[in-house]
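Novice: Sharing a structure, written as structure tokens. Questions coming.
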Amino acid sequence: MAHGFRGITWLSEWLWPIRTRWKRRVLFEDALKFIHEREETGQPATAEELASAIDIPAKSLPSFVGRLREIGYLEPEREGDTYLRLTPEGRQEALRIVRLHRLWEHYLAEQTGLAPEEWHTAAHRLEHTTTPEMANSLAAQLGFPRFDPHGDPIPTETGEIVQREGTPISESKPGDVVQVCHIEDEPLAAYQELLAHDLHLGTPLRVEKIRQDGVTVRHRGQTIRLSPEASANLWVKAAPYTAS
């Protein structure tokens with residue numbers, strides 16, 4: 001029994017560096033994706049916001065950000081500038097991760113019976129274990145889709161990405177006839193509210209009211225009132241047909 005225990009202890013000690021490297025890699029990839037997403041919104045992230053987003057202890061933050069700079073993924077620190085900015089290399093790596101995540105979400109939506117609320121978490125696990133060869137095979141299997149099931153554009157293998165379509169429905173006007181072109185899946189409560197109303201990509205809507213406490217629309221003969229959080233997560237574009 002003692003010999004077996006020593007064997008397990010030795011194995012755990014041998015695996016520890018591998019697990020540590022793996023966890024560090026996942027954190028690096030999550031960090032790049034988060035910083036890229038913030039840059040896309042025009043609101044660059046601070047180190048503190050990054051730490052909160054991917055759960056990095058405050059004491060580890062300086063060395064973590066410093067390592068990203070050493071690798072060449074973040075621009076050097078500028079005096080008086082507290083924002084994190086990706087280098088071209090960092091942006092290319094971020095787009096690689098974004099591509100994997102959105103390809104897997106497309107696969108999960110089209111090829112499995114997984115609930116929409118579970119796509120994001122499952123894709124997050126898969127994106128960190130996908131080789132370039134697997135990614136290209138997956139893209140080919142799916143027919144090289146341009147958008148994921150939420151309407152987000154999928155980067156190409158070389159990092160090219162098209163502009164997201166539409167605007168938040170809260171920017172529409174009463175009387176506008178629109179169709180859903182993007183549904184943000186975070187925060188989860190807002191996403192679940194949209195799913196509960198059976199709102200999906202391509203859904204036609206007629207905007208009735210735009211107010212601070214939410215947006216009211218007509219969908220399939222019914223009136224739906226969306227909370228401000230759900231309204232912010234629902235993007236639309238002009239519809240080529242009439243919604244009822």
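Quick note on naming: the chains in the structure tokens go A, B, ... in the order shown, residues restart at 1 in each chain, and ligands are numbered from 1 in order of appearance.
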Please produce, as a Markdown table, a per-residue contact table for segment 159-210 of chain A versus segment 149-153 of chain A (criterion: any atom at most 10 Å away, only C-alpha atoms considered), showing the nearest atom pair and its distance in Å to one decimal, sorted by chain then residue number.

Specialist:
| residue | atom | partner | partner_atom | distance |
| --- | --- | --- | --- | --- |
| A:Glu160 | CA | A:Pro153 | CA | 9.8 |
| A:Ile161 | CA | A:Pro153 | CA | 6.5 |
| A:Val162 | CA | A:Pro153 | CA | 6.1 |
| A:Gln163 | CA | A:Pro153 | CA | 7.1 |
| A:Arg164 | CA | A:Pro153 | CA | 6.1 |
| A:Glu165 | CA | A:Gly151 | CA | 8.0 |
| A:Gly166 | CA | A:Gly151 | CA | 9.9 |
| A:Val180 | CA | A:Gly151 | CA | 8.8 |
| A:Cys181 | CA | A:Gly151 | CA | 5.7 |
| A:His182 | CA | A:Gly151 | CA | 4.3 |
| A:Ile183 | CA | A:His150 | CA | 5.0 |
| A:Glu184 | CA | A:His150 | CA | 6.5 |
| A:Asp185 | CA | A:His150 | CA | 7.5 |
| A:His200 | CA | A:His150 | CA | 8.1 |
| A:Leu201 | CA | A:Gly151 | CA | 6.9 |
| A:Gly202 | CA | A:Gly151 | CA | 9.6 |

Novice: Generate the output file for the selected residues, C-alpha atoms, as a compact mmCIF listing (two decimals), in the first residue's frame.

Specialist:
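That gives us selection_37.txt:
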# COMPACT_ATOMS: atom_id res chain seq x y z
CA GLU A 160 -9.49 38.09 -42.01
CA ILE A 161 -12.84 39.00 -40.49
CA VAL A 162 -15.86 40.88 -41.79
CA GLN A 163 -17.71 43.58 -39.90
CA ARG A 164 -20.55 42.47 -37.65
CA GLU A 165 -23.91 43.38 -39.16
CA GLY A 166 -26.64 45.55 -37.66
CA VAL A 180 -32.44 39.61 -35.92
CA CYS A 181 -28.83 39.44 -37.12
CA HIS A 182 -26.90 39.01 -33.86
CA ILE A 183 -27.68 37.68 -30.38
CA GLU A 184 -25.09 38.18 -27.65
CA ASP A 185 -24.89 35.17 -25.32
CA HIS A 200 -33.18 33.63 -33.30
CA LEU A 201 -31.13 34.80 -36.27
CA GLY A 202 -33.43 35.91 -39.06

Novice: Using only C-alpha atoms, which residues sit within 12 Å of segment 204-210 of chain A once same-chain residues fewer than 5 positions away are excluded, as a PyMOL selection string?

Specialist: chain A and resi 168-181+197-199+215-228+231-232+234-244

Novice: Find the distance between atom CA of Thr129 of chain A and atom CA of Pro88 of chain A and write it in Å to one decimal.

Specialist: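 Computing it gives 23.3 Å between the two atoms.
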
Novice: With only C-alpha atoms as the atoms that count, which of A:His120, A:Arg85, A:Arg91, A:Arg38 lies nearest to Trp104 of chain A?

Specialist: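 Distance minimum relative to Trp104 of chain A lands on A:His120.
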
Novice: Could you work out how far atom CA of Val98 of chain A lies from atom CA of His124 of chain A, giving the answer in Å with one decimal?

Specialist: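 Taking atom CA of His124 of chain A and atom CA of Val98 of chain A, their separation equals 9.8 Å.
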
Novice: Measure the distance from atom CA of Leu32 of chain A to atom CA of Leu86 of chain A in Å and round it to one decimal.

Specialist: 7.8 Å

Novice: Which one of A:Asp55, A:Ser60, A:Glu93, A:Ala189 sits closest to Lys33 of chain A if you count only C-alpha atoms?

Specialist: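 Comparing A:Asp55, A:Ser60, A:Glu93, A:Ala189 against Lys33 of chain A, the winner is A:Glu93.
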
Novice: So which bits of segment 2-230 of chain A end up strand (DSSP E) when you DSSP the backbone, as number ranges by chain?

Specialist: A: 167-168, 177-183, 204-211, 214-219, 222-226
